[in-house]
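Asks: This is start35.cif (mmCIF, C-alpha atoms).
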```cif
data_entry
#
loop_
_atom_site.label_atom_id
_atom_site.label_comp_id
_atom_site.auth_asym_id
_atom_site.auth_seq_id
_atom_site.Cartn_x
_atom_site.Cartn_y
_atom_site.Cartn_z
CA MET S 1 27.97 -16.03 -53.25
CA LEU S 2 26.85 -13.62 -55.93
CA GLY S 3 24.24 -10.92 -55.49
CA CYS S 4 21.99 -9.28 -58.03
CA PRO S 5 24.15 -8.63 -61.11
CA GLN S 6 22.81 -5.13 -61.74
CA VAL S 7 26.08 -3.52 -60.59
CA PRO S 8 28.65 -4.17 -63.36
CA VAL S 9 31.74 -4.84 -61.22
CA GLN S 10 30.40 -8.06 -59.73
CA THR S 11 31.23 -10.39 -62.61
CA GLY S 12 34.75 -9.03 -63.14
CA ILE S 13 35.59 -9.12 -59.44
CA ALA S 14 34.16 -12.63 -59.11
CA LEU S 15 36.41 -13.86 -61.94
CA TYR S 16 39.40 -12.08 -60.38
CA LEU S 17 38.72 -13.58 -56.96
CA ILE S 18 38.22 -17.05 -58.41
CA ASN S 19 41.58 -16.75 -60.16
CA ARG S 20 43.37 -15.66 -57.00
CA LEU S 21 41.77 -18.42 -54.92
CA LYS S 22 42.67 -21.07 -57.51
CA LYS S 23 46.26 -19.85 -57.67
CA ALA S 24 46.37 -20.26 -53.89
CA GLY S 25 45.33 -23.90 -54.30
CA LEU S 26 41.71 -23.41 -53.28
CA THR S 27 38.66 -24.69 -55.16
CA PRO S 28 36.06 -21.95 -55.62
CA VAL S 29 32.37 -22.83 -55.89
CA VAL S 30 30.00 -20.11 -57.13
CA ALA S 31 26.42 -19.68 -55.95
CA GLY S 32 24.12 -17.11 -57.51
CA ASN S 33 20.77 -16.59 -59.14
CA LYS S 34 20.33 -17.57 -62.76
CA ALA S 35 21.31 -14.20 -64.26
CA ALA S 36 24.40 -13.75 -62.06
CA ASN S 37 25.61 -17.29 -62.72
CA THR S 38 24.98 -17.04 -66.46
CA LEU S 39 26.93 -13.78 -66.71
CA LEU S 40 29.88 -15.51 -65.11
CA VAL S 41 29.71 -18.63 -67.25
CA VAL S 42 29.28 -16.67 -70.49
CA SER S 43 32.29 -14.52 -69.54
CA ASP S 44 34.45 -17.64 -69.19
CA PRO S 45 33.25 -19.95 -72.00
CA ASP S 46 36.20 -22.34 -71.79
CA ARG S 47 35.88 -22.42 -68.01
CA HIS S 48 39.46 -21.38 -67.39
CA TYR S 49 38.38 -19.84 -64.10
CA VAL S 50 34.82 -20.88 -63.26
CA GLY S 51 34.39 -24.36 -61.82
CA GLU S 52 31.30 -25.57 -60.01
CA VAL S 53 28.30 -23.24 -60.19
CA ILE S 54 25.16 -23.82 -58.15
CA ASP S 55 21.84 -22.10 -57.71
CA LEU S 56 21.76 -19.67 -54.80
CA ASP S 57 18.71 -21.09 -53.05
CA ARG S 58 20.00 -24.63 -53.51
CA ALA S 59 23.27 -23.60 -51.89
CA VAL S 60 21.42 -22.13 -48.90
CA GLY S 61 19.43 -25.35 -48.63
CA LEU S 62 22.49 -27.62 -48.80
CA ILE S 63 24.37 -25.63 -46.18
CA SER S 64 21.31 -25.32 -43.91
CA ASP S 65 20.80 -29.09 -44.11
CA LYS S 66 24.50 -29.62 -43.28
CA LYS S 67 25.05 -31.46 -46.53
CA ARG S 68 27.78 -29.05 -47.62
CA ASP S 69 29.99 -26.36 -46.19
CA PHE S 70 33.05 -24.36 -47.11
CA ASP S 71 36.24 -22.97 -45.53
CA ARG S 72 35.72 -19.43 -46.76
CA CYS S 73 32.64 -17.64 -48.01
CA PHE S 74 32.64 -14.39 -49.97
CA VAL S 75 29.26 -12.68 -50.25
CA PHE S 76 28.79 -9.89 -52.78
CA VAL S 77 26.77 -7.10 -51.18
CA HIS S 78 25.42 -3.97 -52.84
CA ASN S 79 21.87 -3.89 -51.46
CA ASP S 80 19.84 -4.98 -48.44
CA ALA S 81 19.31 -8.44 -49.90
CA GLY S 82 23.08 -8.89 -50.05
CA VAL S 83 23.36 -8.04 -46.35
CA THR S 84 20.58 -10.54 -45.67
CA TYR S 85 22.37 -13.32 -47.54
CA ALA S 86 25.66 -12.51 -45.78
CA ALA S 87 23.96 -12.67 -42.36
CA THR S 88 22.39 -15.97 -43.35
CA MET S 89 25.76 -17.43 -44.31
CA GLY S 90 27.18 -16.23 -41.00
CA ALA S 91 24.45 -18.15 -39.20
CA ILE S 92 24.32 -21.38 -41.20
CA SER S 93 27.91 -21.90 -42.35
CA GLY S 94 31.12 -22.54 -40.50
CA ALA S 95 33.07 -20.72 -43.20
CA LYS S 96 35.20 -17.67 -42.51
CA LEU S 97 32.92 -14.98 -43.84
CA TYR S 98 33.86 -12.02 -46.05
CA ALA S 99 31.36 -9.38 -47.15
CA LEU S 100 32.46 -7.67 -50.36
CA VAL S 101 30.53 -4.40 -50.22
CA TYR S 102 30.43 -2.18 -53.29
CA GLY S 103 28.12 -0.04 -55.40
CA GLU S 104 26.89 3.52 -55.17
CA HIS S 105 25.59 3.11 -51.61
CA PHE S 106 28.32 0.88 -50.23
CA GLU S 107 28.70 2.83 -46.96
CA GLU S 108 24.98 2.54 -46.18
CA GLN S 109 25.09 -1.23 -46.73
CA ALA S 110 28.34 -1.67 -44.79
CA LYS S 111 26.77 0.06 -41.75
CA LYS S 112 24.06 -2.62 -41.65
CA ILE S 113 26.63 -5.37 -41.12
CA ASP S 114 26.61 -5.94 -37.37
CA PHE S 115 27.46 -9.64 -37.41
CA PRO S 116 30.94 -11.20 -37.35
CA CYS S 117 32.66 -11.06 -40.74
CA THR S 118 35.47 -9.32 -42.55
CA VAL S 119 34.07 -6.35 -44.47
CA ILE S 120 35.90 -5.40 -47.65
CA ALA S 121 34.26 -2.25 -48.98
CA ALA S 122 34.84 0.23 -51.78
CA LYS S 123 32.81 2.54 -53.96
CA ALA S 124 32.93 0.50 -57.12
CA VAL S 125 30.11 0.58 -59.64
CA HIS S 126 31.51 0.45 -63.18
CA ASN S 127 35.22 0.44 -62.39
CA PRO S 128 36.28 -2.66 -60.44
CA LEU S 129 39.72 -1.34 -59.47
CA PRO S 130 38.76 0.24 -56.09
CA LEU S 131 37.23 -3.06 -54.95
CA LYS S 132 40.10 -5.09 -56.40
CA LYS S 133 42.53 -2.89 -54.46
CA ALA S 134 40.56 -3.35 -51.23
CA ILE S 135 40.53 -7.13 -51.74
CA ASP S 136 44.26 -7.21 -52.48
CA GLU S 137 44.96 -5.35 -49.23
CA VAL S 138 43.17 -8.07 -47.25
CA ALA S 139 44.49 -10.94 -49.44
CA PRO S 140 41.84 -13.39 -48.21
CA TRP S 141 43.33 -16.21 -50.30
CA ALA S 142 46.35 -16.15 -48.00
CA ALA S 143 44.37 -16.22 -44.74
CA MET D 1 12.94 -21.85 -53.68
CA GLY D 2 11.03 -22.76 -56.78
CA CYS D 3 8.16 -23.93 -54.64
CA VAL D 4 7.33 -20.34 -53.65
CA GLU D 5 6.10 -19.75 -57.18
CA SER D 6 3.71 -22.66 -56.84
CA MET D 7 2.26 -21.39 -53.57
CA ASN D 8 -0.98 -19.48 -53.40
CA TYR D 9 0.57 -16.51 -51.63
CA GLU D 10 -0.40 -12.93 -50.97
CA ILE D 11 2.33 -10.29 -50.80
CA VAL D 12 1.93 -8.40 -47.53
CA LEU D 13 5.02 -6.21 -47.96
CA ARG D 14 7.30 -5.76 -50.95
CA ASP D 15 10.73 -4.23 -51.63
CA ALA D 16 11.33 -3.91 -47.91
CA THR D 17 14.56 -4.19 -46.01
CA PHE D 18 14.87 -7.29 -43.90
CA ARG D 19 14.56 -5.28 -40.67
CA GLU D 20 11.38 -3.58 -41.90
CA SER D 21 9.93 -6.99 -42.63
CA ARG D 22 10.75 -8.26 -39.11
CA GLU D 23 9.26 -5.16 -37.47
CA TYR D 24 6.14 -5.48 -39.61
CA VAL D 25 5.56 -9.05 -38.42
CA ARG D 26 6.07 -8.11 -34.78
CA SER D 27 3.86 -5.01 -34.99
CA ASN D 28 1.00 -6.36 -37.07
CA PHE D 29 0.47 -9.94 -35.90
CA LYS D 30 -0.40 -11.00 -32.38
CA GLU D 31 1.41 -14.29 -32.79
CA SER D 32 4.92 -14.77 -34.08
CA ILE D 33 7.78 -17.20 -33.71
CA ASP D 34 11.48 -16.34 -33.98
CA VAL D 35 13.58 -18.76 -36.01
CA GLN D 36 17.15 -18.93 -37.22
CA PRO D 37 18.30 -18.59 -40.85
CA GLY D 38 17.97 -21.87 -42.73
CA PHE D 39 14.80 -22.86 -40.82
CA LYS D 40 12.29 -24.48 -43.14
CA VAL D 41 8.85 -22.93 -43.57
CA PHE D 42 6.91 -25.11 -45.99
CA ASP D 43 9.81 -26.25 -48.22
CA VAL D 44 11.57 -22.90 -48.10
CA HIS D 45 14.78 -22.30 -46.17
CA VAL D 46 14.18 -18.81 -44.83
CA ILE D 47 17.07 -16.41 -44.93
CA GLY D 48 17.72 -13.25 -42.98
CA LEU D 49 19.41 -11.57 -40.07
CA PRO D 50 18.70 -13.64 -36.98
CA PRO D 51 16.22 -13.78 -35.42
CA ILE D 52 13.74 -14.14 -38.28
CA ALA D 53 10.15 -13.40 -37.24
CA ILE D 54 7.45 -15.66 -38.70
CA GLY D 55 3.89 -14.41 -38.17
CA LEU D 56 0.87 -16.59 -37.42
CA ASP D 57 -2.68 -15.38 -38.02
CA GLY D 58 -5.27 -18.13 -37.75
CA ASP D 59 -4.40 -20.61 -40.48
CA PHE D 60 -2.13 -18.10 -42.23
CA VAL D 61 1.66 -18.19 -42.02
CA ILE D 62 3.51 -14.94 -42.77
CA PHE D 63 7.19 -15.27 -43.62
CA PRO D 64 9.96 -13.28 -45.34
CA TYR D 65 11.28 -14.22 -48.76
CA THR D 66 14.35 -12.37 -50.05
CA LYS D 67 15.27 -12.10 -53.72
CA PRO D 68 18.76 -10.82 -54.59
CA CYS D 69 17.48 -8.11 -56.95
CA HIS D 70 14.21 -7.13 -55.30
CA GLY D 71 14.81 -7.14 -51.57
CA THR D 72 12.58 -8.79 -49.04
CA PHE D 73 8.93 -9.69 -49.57
CA LEU D 74 6.63 -10.69 -46.77
CA LEU D 75 4.40 -13.51 -47.97
CA ARG D 76 1.12 -14.70 -46.45
CA VAL D 77 0.12 -18.28 -47.17
CA GLU D 78 -2.90 -20.17 -45.82
CA ASP D 79 -1.95 -23.62 -44.57
CA ARG D 80 -3.51 -24.99 -41.42
CA GLU D 81 -1.03 -27.85 -41.08
CA GLU D 82 2.01 -25.56 -41.23
CA ALA D 83 0.44 -23.04 -38.84
CA VAL D 84 -0.21 -25.86 -36.34
CA ARG D 85 3.37 -27.14 -36.72
CA LEU D 86 4.85 -23.70 -36.09
CA ARG D 87 2.58 -23.08 -33.07
CA ALA D 88 3.73 -26.40 -31.61
CA LEU D 89 7.37 -25.32 -32.00
CA LYS D 90 6.57 -22.08 -30.26
CA LYS D 91 5.19 -23.98 -27.28
CA VAL D 92 8.25 -26.26 -27.17
CA SER D 93 10.65 -23.30 -27.22
CA ARG D 94 8.76 -21.68 -24.32
CA ALA D 95 8.61 -24.88 -22.28
#
```
Turn the structure described in the file into structure tokens.
Replies:
Amino acid sequence: MLGCPQVPVQTGIALYLINRLKKAGLTPVVAGNKAANTLLVVSDPDRHYVGEVIDLDRAVGLISDKKRDFDRCFVFVHNDAGVTYAATMGAISGAKLYALVYGEHFEEQAKKIDFPCTVIAAKAVHNPLPLKKAIDEVAPWAA
Amino acid sequence: MGCVESMNYEIVLRDATFRESREYVRSNFKESIDVQPGFKVFDVHVIGLPPIAIGLDGDFVIFPYTKPCHGTFLLRVEDREEAVRLRALKKVSRA
């Protein structure tokens, strides 16, 4: 579940995570707003990595209505809205929840997370490597 | 939530955090109902940290709407039917 794409690392980390999940035999589905989804699709024109992409609000609706659900859910969080979406997924979905917290104010956002989930946090704004390293340490594709 | 754009809404609070929005509803409206994420207000699945406070003020329904890039907005929409429906749910949950 993508957040606002204003922090550059989101698209790169999303593609990385999709790749790792696919290699582990999982089928990633991306949900985001139009800009976030388009950034991802344009970055992978031959769709080597990106599979199904759905609108964020539609995804919330489908899961709320119990028409769809997932085994794992990764929510990108760099602002209060991201925390809000992560909390929502924790409430409506049966998925194992991961909050990927990044950006300039990642500690402030991570402190707001008081609901059950695995928090993977790093100060990553332009350089995705700190967040990639934090994700690799947890290896959620193997869980 | 494309239908939000088609609603005749007034923005009560903008660029707020979700918690600020919840406190605003509880502090500024005599009537409110707590709901869980995914609950439908009009045709909108509300999102947020549970519980989500929905305000009621006469025929007006006040509910949070979060956009990924702009935070949480508190919207005020006049709709007698929806206000009556939500009040009825409030009574059921207290029964």
Asks: Applying 12 Å and all atoms listed in the file, which residues near D:Gly55 remain after dropping the ones on its own chain fewer than 4 positions away? List them as number ranges by chain.
Replies: D: 12, 21-35, 41, 59-64, 74-78, 82-83, 86-87, 90
Asks: Please check the contacts: residues of chain S at most 8 Å away from chain D, using all atoms listed in the file, listed as a list in words.
Replies: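 Here they are: Gly3, Cys4, Pro5, Gln6, Asn33, Asp57, Arg58, Val60, Gly61, Ser64, Asp65, Asn79, Asp80, Ala81, Gly82, Thr84, Tyr85, Ala87, Thr88, Ala91 and Ile92 of chain S.
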Asks: Please produce an output containing C-alpha atoms for each residue in the selection, written as an mmCIF file, in the coordinates of the input.
Replies:
```cif
data_model
loop_
_atom_site.group_PDB
_atom_site.id
_atom_site.type_symbol
_atom_site.label_atom_id
_atom_site.label_comp_id
_atom_site.auth_asym_id
_atom_site.auth_seq_id
_atom_site.Cartn_x
_atom_site.Cartn_y
_atom_site.Cartn_z
ATOM 1 C CA GLY S 3 24.240 -10.920 -55.490
ATOM 2 C CA CYS S 4 21.990 -9.280 -58.030
ATOM 3 C CA PRO S 5 24.150 -8.630 -61.110
ATOM 4 C CA GLN S 6 22.810 -5.130 -61.740
ATOM 5 C CA ASN S 33 20.770 -16.590 -59.140
ATOM 6 C CA ASP S 57 18.710 -21.090 -53.050
ATOM 7 C CA ARG S 58 20.000 -24.630 -53.510
ATOM 8 C CA VAL S 60 21.420 -22.130 -48.900
ATOM 9 C CA GLY S 61 19.430 -25.350 -48.630
ATOM 10 C CA SER S 64 21.310 -25.320 -43.910
ATOM 11 C CA ASP S 65 20.800 -29.090 -44.110
ATOM 12 C CA ASN S 79 21.870 -3.890 -51.460
ATOM 13 C CA ASP S 80 19.840 -4.980 -48.440
ATOM 14 C CA ALA S 81 19.310 -8.440 -49.900
ATOM 15 C CA GLY S 82 23.080 -8.890 -50.050
ATOM 16 C CA THR S 84 20.580 -10.540 -45.670
ATOM 17 C CA TYR S 85 22.370 -13.320 -47.540
ATOM 18 C CA ALA S 87 23.960 -12.670 -42.360
ATOM 19 C CA THR S 88 22.390 -15.970 -43.350
ATOM 20 C CA ALA S 91 24.450 -18.150 -39.200
ATOM 21 C CA ILE S 92 24.320 -21.380 -41.200
#
```
Asks: Please indicate the distance in Å from atom CA of S:Trp141 to atom CA of S:Arg47, rounded to one decimal place.
Replies: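 Separation between atom CA of S:Trp141 and atom CA of S:Arg47: 20.2 Å.
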Asks: Might you pull out every residue within 7 Å of stretch 123-130 of chain S, with only C-alpha atoms counted and same-chain residues fewer than 4 positions away left off, and present them as a short mmCIF file (atom, residue, chain, number, x, y, z; two decimals) with C-alpha atoms, in the frame of the given file?
Replies:
```
data_model
loop_
_atom_site.label_atom_id
_atom_site.label_comp_id
_atom_site.auth_asym_id
_atom_site.auth_seq_id
_atom_site.Cartn_x
_atom_site.Cartn_y
_atom_site.Cartn_z
CA VAL S 7 26.08 -3.52 -60.59
CA PRO S 8 28.65 -4.17 -63.36
CA VAL S 9 31.74 -4.84 -61.22
CA ILE S 13 35.59 -9.12 -59.44
CA TYR S 102 30.43 -2.18 -53.29
CA GLY S 103 28.12 -0.04 -55.40
CA GLU S 104 26.89 3.52 -55.17
CA PHE S 106 28.32 0.88 -50.23
CA ALA S 134 40.56 -3.35 -51.23
#
```
Asks: Quick check, in Å to one decimal: how far apart do atom CA of S:Leu131 and atom CA of S:Met89 lie?
Replies: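 So the answer is 21.2 Å.
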Asks: By how many Å are atom CA of D:Asn8 and atom CA of D:Pro51 apart?
Replies: 25.5 Å
Asks: Could you list the residues chosen by the PyMOL selection byres ((chain S and resi 71) around 6) in this structure as a PyMOL selection string?
Replies: chain S and resi 70+72+95
Asks: If you count all atoms listed in the file, which residues fall within 10 Å of S:Leu39, apart from same-chain ones fewer than 3 positions away, as a ChimeraX atom specification?
Replies: /S:5,10-12,34-36,42-44
Asks: With a distance cut-off of 12 Å and all atoms listed in the file, select the neighbouring residues of S:Gly25, excluding the residue or stretch itself and same-chain residues fewer than 4 positions from it, and output the selection as a compact mmCIF listing (two decimals) with C-alpha atoms, in the coordinates of the input.
Replies:
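What follows is the written file part12.txt:
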```
# COMPACT_ATOMS: atom_id res chain seq x y z
CA ILE S 18 38.22 -17.05 -58.41
CA ASN S 19 41.58 -16.75 -60.16
CA ARG S 20 43.37 -15.66 -57.00
CA LEU S 21 41.77 -18.42 -54.92
CA TRP S 141 43.33 -16.21 -50.30
CA ALA S 142 46.35 -16.15 -48.00
```
Asks: Compute the distance from (33.6, -15.7, -58.3) to each atom, counting only C-alpha atoms, keep the residues with any atom at most 9 Å away, and return them as a ChimeraX atom specification; use the coordinates of the file.
Replies: /S:1-2,10-19,28-31,40,49-50,74
Asks: Determine, counting all atoms listed in the file, which protein, DNA and RNA residues have an atom within 9 Å of an atom of S:Val83; residues of the same chain fewer than 6 positions away are not included. Present the result as a ChimeraX atom specification.
Replies: /S:75-77,99,101,109-110,112-113 /D:18,48-49
Asks: Between S:Ala143, S:Ser93, S:Thr38, S:Glu107, which has the minimum distance to S:Lys67 (counting only C-alpha atoms)?
Replies: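 Closest to S:Lys67 of all the choices is S:Ser93.
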Asks: Please produce stretch 40-68 of chain D, completed to N, CA and C atoms, as a PDB file, in the coordinates of the input.
Replies:
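selection.pdb written:
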```pdb
ATOM      1  N   LYS D  40      13.192 -24.201 -42.024  1.00  0.00           N
ATOM      2  CA  LYS D  40      12.290 -24.480 -43.140  1.00  0.00           C
ATOM      3  C   LYS D  40      10.850 -24.078 -42.813  1.00  0.00           C
ATOM      4  N   VAL D  41      10.287 -23.231 -43.627  1.00  0.00           N
ATOM      5  CA  VAL D  41       8.850 -22.930 -43.570  1.00  0.00           C
ATOM      6  C   VAL D  41       8.302 -23.456 -44.895  1.00  0.00           C
ATOM      7  N   PHE D  42       7.326 -24.332 -44.819  1.00  0.00           N
ATOM      8  CA  PHE D  42       6.910 -25.110 -45.990  1.00  0.00           C
ATOM      9  C   PHE D  42       8.189 -25.824 -46.491  1.00  0.00           C
ATOM     10  N   ASP D  43       8.558 -25.657 -47.755  1.00  0.00           N
ATOM     11  CA  ASP D  43       9.810 -26.250 -48.220  1.00  0.00           C
ATOM     12  C   ASP D  43      10.872 -25.185 -48.461  1.00  0.00           C
ATOM     13  N   VAL D  44      10.683 -24.029 -47.865  1.00  0.00           N
ATOM     14  CA  VAL D  44      11.570 -22.900 -48.100  1.00  0.00           C
ATOM     15  C   VAL D  44      12.525 -22.720 -46.918  1.00  0.00           C
ATOM     16  N   HIS D  45      13.816 -22.651 -47.213  1.00  0.00           N
ATOM     17  CA  HIS D  45      14.780 -22.300 -46.170  1.00  0.00           C
ATOM     18  C   HIS D  45      14.762 -20.774 -46.054  1.00  0.00           C
ATOM     19  N   VAL D  46      14.266 -20.265 -44.947  1.00  0.00           N
ATOM     20  CA  VAL D  46      14.180 -18.810 -44.830  1.00  0.00           C
ATOM     21  C   VAL D  46      15.576 -18.235 -44.588  1.00  0.00           C
ATOM     22  N   ILE D  47      15.793 -17.066 -45.144  1.00  0.00           N
ATOM     23  CA  ILE D  47      17.070 -16.410 -44.930  1.00  0.00           C
ATOM     24  C   ILE D  47      16.827 -15.077 -44.238  1.00  0.00           C
ATOM     25  N   GLY D  48      17.868 -14.546 -43.627  1.00  0.00           N
ATOM     26  CA  GLY D  48      17.720 -13.250 -42.980  1.00  0.00           C
ATOM     27  C   GLY D  48      18.677 -13.068 -41.835  1.00  0.00           C
ATOM     28  N   LEU D  49      18.608 -11.869 -41.258  1.00  0.00           N
ATOM     29  CA  LEU D  49      19.410 -11.570 -40.070  1.00  0.00           C
ATOM     30  C   LEU D  49      18.695 -12.167 -38.877  1.00  0.00           C
ATOM     31  N   PRO D  50      19.368 -13.024 -38.124  1.00  0.00           N
ATOM     32  CA  PRO D  50      18.700 -13.640 -36.980  1.00  0.00           C
ATOM     33  C   PRO D  50      18.375 -12.619 -35.893  1.00  0.00           C
ATOM     34  N   PRO D  51      17.233 -12.754 -35.192  1.00  0.00           N
ATOM     35  CA  PRO D  51      16.220 -13.780 -35.420  1.00  0.00           C
ATOM     36  C   PRO D  51      15.259 -13.366 -36.551  1.00  0.00           C
ATOM     37  N   ILE D  52      14.722 -14.375 -37.209  1.00  0.00           N
ATOM     38  CA  ILE D  52      13.740 -14.140 -38.280  1.00  0.00           C
ATOM     39  C   ILE D  52      12.358 -14.330 -37.675  1.00  0.00           C
ATOM     40  N   ALA D  53      11.502 -13.316 -37.809  1.00  0.00           N
ATOM     41  CA  ALA D  53      10.150 -13.400 -37.240  1.00  0.00           C
ATOM     42  C   ALA D  53       9.183 -13.981 -38.274  1.00  0.00           C
ATOM     43  N   ILE D  54       8.489 -15.051 -37.866  1.00  0.00           N
ATOM     44  CA  ILE D  54       7.450 -15.660 -38.700  1.00  0.00           C
ATOM     45  C   ILE D  54       6.111 -15.355 -38.022  1.00  0.00           C
ATOM     46  N   GLY D  55       5.190 -14.758 -38.752  1.00  0.00           N
ATOM     47  CA  GLY D  55       3.890 -14.410 -38.170  1.00  0.00           C
ATOM     48  C   GLY D  55       2.881 -15.532 -38.322  1.00  0.00           C
ATOM     49  N   LEU D  56       1.958 -15.595 -37.365  1.00  0.00           N
ATOM     50  CA  LEU D  56       0.870 -16.590 -37.420  1.00  0.00           C
ATOM     51  C   LEU D  56      -0.442 -15.840 -37.208  1.00  0.00           C
ATOM     52  N   ASP D  57      -1.394 -16.067 -38.099  1.00  0.00           N
ATOM     53  CA  ASP D  57      -2.680 -15.380 -38.020  1.00  0.00           C
ATOM     54  C   ASP D  57      -3.758 -16.380 -38.426  1.00  0.00           C
ATOM     55  N   GLY D  58      -4.321 -17.053 -37.433  1.00  0.00           N
ATOM     56  CA  GLY D  58      -5.270 -18.130 -37.750  1.00  0.00           C
ATOM     57  C   GLY D  58      -4.547 -19.233 -38.503  1.00  0.00           C
ATOM     58  N   ASP D  59      -5.048 -19.573 -39.671  1.00  0.00           N
ATOM     59  CA  ASP D  59      -4.400 -20.610 -40.480  1.00  0.00           C
ATOM     60  C   ASP D  59      -3.352 -20.023 -41.444  1.00  0.00           C
ATOM     61  N   PHE D  60      -3.094 -18.738 -41.324  1.00  0.00           N
ATOM     62  CA  PHE D  60      -2.130 -18.100 -42.230  1.00  0.00           C
ATOM     63  C   PHE D  60      -0.731 -18.049 -41.598  1.00  0.00           C
ATOM     64  N   VAL D  61       0.256 -18.306 -42.433  1.00  0.00           N
ATOM     65  CA  VAL D  61       1.660 -18.190 -42.020  1.00  0.00           C
ATOM     66  C   VAL D  61       2.259 -17.024 -42.813  1.00  0.00           C
ATOM     67  N   ILE D  62       2.927 -16.118 -42.115  1.00  0.00           N
ATOM     68  CA  ILE D  62       3.510 -14.940 -42.770  1.00  0.00           C
ATOM     69  C   ILE D  62       5.027 -15.026 -42.603  1.00  0.00           C
ATOM     70  N   PHE D  63       5.741 -15.075 -43.710  1.00  0.00           N
ATOM     71  CA  PHE D  63       7.190 -15.270 -43.620  1.00  0.00           C
ATOM     72  C   PHE D  63       7.925 -14.444 -44.684  1.00  0.00           C
ATOM     73  N   PRO D  64       9.196 -14.089 -44.387  1.00  0.00           N
ATOM     74  CA  PRO D  64       9.960 -13.280 -45.340  1.00  0.00           C
ATOM     75  C   PRO D  64      10.579 -14.133 -46.447  1.00  0.00           C
ATOM     76  N   TYR D  65      10.662 -13.556 -47.610  1.00  0.00           N
ATOM     77  CA  TYR D  65      11.280 -14.220 -48.760  1.00  0.00           C
ATOM     78  C   TYR D  65      12.130 -13.166 -49.468  1.00  0.00           C
ATOM     79  N   THR D  66      13.442 -13.383 -49.483  1.00  0.00           N
ATOM     80  CA  THR D  66      14.350 -12.370 -50.050  1.00  0.00           C
ATOM     81  C   THR D  66      14.822 -12.799 -51.424  1.00  0.00           C
ATOM     82  N   LYS D  67      14.735 -11.861 -52.375  1.00  0.00           N
ATOM     83  CA  LYS D  67      15.270 -12.100 -53.720  1.00  0.00           C
ATOM     84  C   LYS D  67      16.447 -11.148 -53.912  1.00  0.00           C
ATOM     85  N   PRO D  68      17.547 -11.638 -54.494  1.00  0.00           N
ATOM     86  CA  PRO D  68      18.760 -10.820 -54.590  1.00  0.00           C
ATOM     87  C   PRO D  68      18.545  -9.453 -55.249  1.00  0.00           C
TER      88      PRO D  68
END
```
